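Engineer: One structure, pasted below without further comment.
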Amino acid sequence: MNKILLTLLVSVNLVANDLYLYDTHEQIEITEVINNKLSVLNVQIGNTFTLTNSLNVNTQTNSTATYVLPYRIAIHQRESTSTYFNQTSTEYNNDFKLPSVIAIKDSLFNFTSNGELYCVSESGPTNTILTSLCSIVFNKTSFFLKSSDKYTQLYVVGGNITVLDNKSKKKKDLKEGDYLVVTPQVILNPREATVTKLGNSFSIKEVEDEEKEAHTKSIQSLKSKLDNTLFVNYGQN
């Protein structure tokens with residue numbers, strides 16, 4: 001049976017505030033900040049959490065979390081990973097006069113990640129993930145991301161993605177099957193160039209068939225969870 005999320009909305013140009021926690025493995029931590037005070041939330045599978053108050057999802061060693069957002073985006077967050085969300089201005093196709101499945105026309109959805117995650121997106125609007133070294137711009141695609149302060153690794157399972165360097169105007173367009181590694185630029189002669197000018201180093205790597213198969217299976221599992229989740233508005237308002 002599909003899981004139905006009922007989200008009360010009051011106009012066609014709002015802030016979308018829901019992260020639906022689909023499932024978890026072991027204990028995770030979800031926090032938010034209200035009036036400059038950090039609050040640890042009660043984690044229960046099947047609950048929704050507002051993005052308004054700087055929501056942070058943290059997984060520890062051996063713990064994972066899977067959640068879905070109304071932009072038709074599902075994320076499987078692996079162990080020892082932190083993601084940070086805030087509120088997003090969103091324009092809907094819905095008129096909110098009758099109950100209907102939420103359909104987003106445009107938005108400015110973005111979040112920050114440090115660690116490992118899988119993402120499946122059926123979203124038309126442009127979305128962005130920020131890491132320490134680059135910005136990952138995507139819409140209808142699926143991918144595996146691993147990031148830290150020293151590197152960003154991105155494997156595209158399906159669709160297309162654009163990666164923008166945080167230090168320069170460098171960018172890289174990726175397609176299905178591409179595996180990009182971003183690392184700090186090594187300067188051999190500091191008299192001829194600066195780190196800011198050159199930016200980070202972009203390298204395309206090979207992925208073994210066995211690893212490709214493992215990524216594909218993880219994406220397929222996440223896709224089924226996205227397919228089993230609906231966000232629905234209700235009420236005259």
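We name chains A, B, ... following the order of the structure tokens; residues begin at 1 in each chain, and ligands are numbered from 1 as shown.
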Go through range 105-173 of chain A residue by residue and, counting only C-alpha atoms, keep those with an atom at most 12 Å from range 38-56 of chain A; for each kept residue give the shortest atom pair and its distance in Å to one decimal, ordered by chain and increasing number, as a tab-separated table.
Structural biologist:
```
residue	atom	partner	partner_atom	distance
A:Phe109	CA	A:Leu51	CA	10.7
A:Asn110	CA	A:Leu51	CA	11.1
A:Phe111	CA	A:Asn56	CA	9.8
A:Thr112	CA	A:Asn56	CA	9.4
A:Ser113	CA	A:Asn56	CA	9.8
A:Asn114	CA	A:Asn56	CA	11.3
```
Engineer: Which polymer residues have any atom within 12 Å of an atom of Leu130 in chain A, counting only C-alpha atoms, with same-chain residues fewer than 5 positions away left out, as a ChimeraX atom specification?
Structural biologist: /A:82-85,109-115,135-138,145-149,152,163-166
Engineer: Fewer than 6 positions away in the same chain doesn't count, so skip those; otherwise give me all residues within 9 Å of Gly159 in chain A, counting only C-alpha atoms, as a list in words.
Structural biologist: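 The residues satisfying every condition are Phe138, Asn139, Lys140, Thr141, Ser142, Phe143, Leu174, Lys175 and Glu176 of chain A.
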Engineer: What does the file look like for those residues with N, CA, C and O atoms, as a PDB file, in the first residue's frame?
Structural biologist:
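Final output, saved to part-v7.pdb:
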```
ATOM      1  N   PHE A 138      21.401  19.210 -10.341  1.00  0.00           N
ATOM      2  CA  PHE A 138      20.732  18.059 -10.945  1.00  0.00           C
ATOM      3  C   PHE A 138      19.232  18.285 -11.011  1.00  0.00           C
ATOM      4  O   PHE A 138      18.686  19.147 -10.321  1.00  0.00           O
ATOM      5  N   ASN A 139      18.560  17.494 -11.853  1.00  0.00           N
ATOM      6  CA  ASN A 139      17.100  17.432 -11.814  1.00  0.00           C
ATOM      7  C   ASN A 139      16.658  15.968 -11.895  1.00  0.00           C
ATOM      8  O   ASN A 139      16.622  15.296 -10.885  1.00  0.00           O
ATOM      9  N   LYS A 140      16.345  15.460 -13.092  1.00  0.00           N
ATOM     10  CA  LYS A 140      15.879  14.074 -13.195  1.00  0.00           C
ATOM     11  C   LYS A 140      17.087  13.150 -13.390  1.00  0.00           C
ATOM     12  O   LYS A 140      17.572  12.967 -14.503  1.00  0.00           O
ATOM     13  N   THR A 141      17.526  12.569 -12.292  1.00  0.00           N
ATOM     14  CA  THR A 141      18.739  11.755 -12.340  1.00  0.00           C
ATOM     15  C   THR A 141      18.829  10.874 -11.115  1.00  0.00           C
ATOM     16  O   THR A 141      18.000  10.954 -10.202  1.00  0.00           O
ATOM     17  N   SER A 142      19.856  10.016 -11.071  1.00  0.00           N
ATOM     18  CA  SER A 142      20.155   9.196  -9.895  1.00  0.00           C
ATOM     19  C   SER A 142      21.671   9.074  -9.780  1.00  0.00           C
ATOM     20  O   SER A 142      22.371   8.985 -10.795  1.00  0.00           O
ATOM     21  N   PHE A 143      22.174   9.060  -8.538  1.00  0.00           N
ATOM     22  CA  PHE A 143      23.625   9.080  -8.376  1.00  0.00           C
ATOM     23  C   PHE A 143      24.044   8.662  -6.966  1.00  0.00           C
ATOM     24  O   PHE A 143      23.231   8.610  -6.040  1.00  0.00           O
ATOM     25  N   LEU A 174      28.258  15.799 -16.577  1.00  0.00           N
ATOM     26  CA  LEU A 174      28.377  14.351 -16.460  1.00  0.00           C
ATOM     27  C   LEU A 174      27.145  13.659 -17.015  1.00  0.00           C
ATOM     28  O   LEU A 174      26.039  14.185 -16.936  1.00  0.00           O
ATOM     29  N   LYS A 175      27.345  12.463 -17.542  1.00  0.00           N
ATOM     30  CA  LYS A 175      26.252  11.642 -18.055  1.00  0.00           C
ATOM     31  C   LYS A 175      26.251  10.298 -17.363  1.00  0.00           C
ATOM     32  O   LYS A 175      27.134  10.006 -16.532  1.00  0.00           O
ATOM     33  N   GLU A 176      25.281   9.472 -17.678  1.00  0.00           N
ATOM     34  CA  GLU A 176      25.170   8.147 -17.075  1.00  0.00           C
ATOM     35  C   GLU A 176      26.466   7.361 -17.205  1.00  0.00           C
ATOM     36  O   GLU A 176      27.055   7.276 -18.292  1.00  0.00           O
TER      37      GLU A 176
END
```
Engineer: Any idea what's packed within 7 Å of Ser63 in chain A, counting only C-alpha atoms, ignoring anything in its chain fewer than 4 positions away? Could you give it as a ChimeraX atom specification?
Structural biologist: /A:25-28,59,78-79
Engineer: Neighbours of range 197-211 of chain A within 8 Å (only C-alpha atoms; same-chain residues fewer than 4 positions away dropped), as a PDB file with N, CA and C atoms, in the first residue's frame?
Structural biologist:
```pdb
ATOM      1  N   LEU A 133      33.931  21.124  -1.715  1.00  0.00           N
ATOM      2  CA  LEU A 133      34.727  21.467  -2.887  1.00  0.00           C
ATOM      3  C   LEU A 133      33.917  21.885  -4.107  1.00  0.00           C
ATOM      4  N   ASP A 165      32.774  24.045  -9.726  1.00  0.00           N
ATOM      5  CA  ASP A 165      33.855  24.197  -8.762  1.00  0.00           C
ATOM      6  C   ASP A 165      33.560  25.365  -7.833  1.00  0.00           C
ATOM      7  N   ASN A 166      33.796  25.185  -6.531  1.00  0.00           N
ATOM      8  CA  ASN A 166      33.544  26.262  -5.565  1.00  0.00           C
ATOM      9  C   ASN A 166      34.607  27.348  -5.591  1.00  0.00           C
ATOM     10  N   LYS A 167      35.769  27.091  -6.213  1.00  0.00           N
ATOM     11  CA  LYS A 167      36.867  28.054  -6.186  1.00  0.00           C
ATOM     12  C   LYS A 167      37.083  28.782  -7.510  1.00  0.00           C
ATOM     13  N   SER A 168      36.479  28.305  -8.568  1.00  0.00           N
ATOM     14  CA  SER A 168      36.703  28.915  -9.881  1.00  0.00           C
ATOM     15  C   SER A 168      35.431  28.797 -10.711  1.00  0.00           C
ATOM     16  N   LYS A 169      35.516  29.139 -11.984  1.00  0.00           N
ATOM     17  CA  LYS A 169      34.381  29.032 -12.899  1.00  0.00           C
ATOM     18  C   LYS A 169      34.353  27.686 -13.611  1.00  0.00           C
ATOM     19  N   LYS A 170      35.219  26.786 -13.204  1.00  0.00           N
ATOM     20  CA  LYS A 170      35.293  25.470 -13.829  1.00  0.00           C
ATOM     21  C   LYS A 170      34.005  24.691 -13.594  1.00  0.00           C
ATOM     22  N   LYS A 172      31.837  20.797 -14.958  1.00  0.00           N
ATOM     23  CA  LYS A 172      31.912  19.528 -15.676  1.00  0.00           C
ATOM     24  C   LYS A 172      30.518  18.959 -15.829  1.00  0.00           C
ATOM     25  N   ASP A 178      29.351   8.089 -15.721  1.00  0.00           N
ATOM     26  CA  ASP A 178      30.537   8.891 -15.405  1.00  0.00           C
ATOM     27  C   ASP A 178      30.820   8.861 -13.904  1.00  0.00           C
ATOM     28  N   TYR A 179      32.110   8.844 -13.582  1.00  0.00           N
ATOM     29  CA  TYR A 179      32.560   8.864 -12.193  1.00  0.00           C
ATOM     30  C   TYR A 179      33.591   9.981 -12.050  1.00  0.00           C
ATOM     31  N   LEU A 180      33.215  11.028 -11.342  1.00  0.00           N
ATOM     32  CA  LEU A 180      34.063  12.213 -11.197  1.00  0.00           C
ATOM     33  C   LEU A 180      34.644  12.282  -9.789  1.00  0.00           C
ATOM     34  N   VAL A 181      35.935  12.616  -9.709  1.00  0.00           N
ATOM     35  CA  VAL A 181      36.602  12.838  -8.434  1.00  0.00           C
ATOM     36  C   VAL A 181      37.116  14.266  -8.411  1.00  0.00           C
ATOM     37  N   VAL A 182      36.723  15.021  -7.402  1.00  0.00           N
ATOM     38  CA  VAL A 182      37.161  16.406  -7.226  1.00  0.00           C
ATOM     39  C   VAL A 182      38.081  16.462  -6.007  1.00  0.00           C
ATOM     40  N   THR A 183      39.281  16.996  -6.197  1.00  0.00           N
ATOM     41  CA  THR A 183      40.255  17.133  -5.117  1.00  0.00           C
ATOM     42  C   THR A 183      40.889  18.515  -5.187  1.00  0.00           C
ATOM     43  N   PRO A 184      41.492  18.981  -4.106  1.00  0.00           N
ATOM     44  CA  PRO A 184      42.175  20.279  -4.158  1.00  0.00           C
ATOM     45  C   PRO A 184      43.270  20.291  -5.214  1.00  0.00           C
ATOM     46  N   GLN A 185      43.376  21.402  -5.919  1.00  0.00           N
ATOM     47  CA  GLN A 185      44.374  21.548  -6.980  1.00  0.00           C
ATOM     48  C   GLN A 185      45.785  21.580  -6.397  1.00  0.00           C
ATOM     49  N   VAL A 186      46.670  20.786  -6.979  1.00  0.00           N
ATOM     50  CA  VAL A 186      48.080  20.793  -6.593  1.00  0.00           C
ATOM     51  C   VAL A 186      48.839  21.711  -7.545  1.00  0.00           C
ATOM     52  N   ALA A 193      50.757  30.449 -10.914  1.00  0.00           N
ATOM     53  CA  ALA A 193      49.307  30.283 -10.749  1.00  0.00           C
ATOM     54  C   ALA A 193      48.950  30.347  -9.280  1.00  0.00           C
ATOM     55  N   HIS A 215      25.906  -0.221  -7.059  1.00  0.00           N
ATOM     56  CA  HIS A 215      25.272   1.096  -7.084  1.00  0.00           C
ATOM     57  C   HIS A 215      23.879   1.015  -7.713  1.00  0.00           C
TER      58      HIS A 215
END
```
Engineer: Which residues come within 12 Å of Val120 in chain A, counting only C-alpha atoms, excluding same-chain residues fewer than 5 positions away, as a PyMOL selection string?
Structural biologist: chain A and resi 66-69+71-77+127+138-145+156-159+215-216+218-227
Engineer: Quick one: distance from CA of Lys150 in chain A to CA of Asn86 in chain A in Å, one decimal?
Structural biologist: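 These two atoms are separated by 24.4 Å.
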Engineer: Measuring atom to atom with only C-alpha atoms, identify which of A:Gln60, A:Thr90, A:Ser123, A:Thr81 is nearest to Asp106 in chain A.
Structural biologist: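 For Asp106 in chain A, the nearest of the candidates is A:Thr90.
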Engineer: Among range 25-220 of chain A, which residues carry a DSSP assignment of strand (DSSP E), reported as a ChimeraX atom specification?
Structural biologist: /A:25,28-34,37-40,48-50,55-59,64-69,73-77,81-85,88-92,100-101,104-107,110-130,134-147,152-165,171-174,179-183,201-204
Engineer: Suppose you want the space between CA of Val33 in chain A and CA of Leu19 in chain A; what is it in Å?
Structural biologist: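 The value is 15.7 Å.
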Engineer: Any idea what the distance is between CA of Cys119 in chain A and CA of Ile102 in chain A?
Structural biologist: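 Here the two named atoms are 19.9 Å from each other.
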Engineer: Looking at only C-alpha atoms, which of A:Tyr22, A:Tyr118, A:Phe231, A:Tyr151 is the one that sits closest to Val101 in chain A?
Structural biologist: A:Phe231
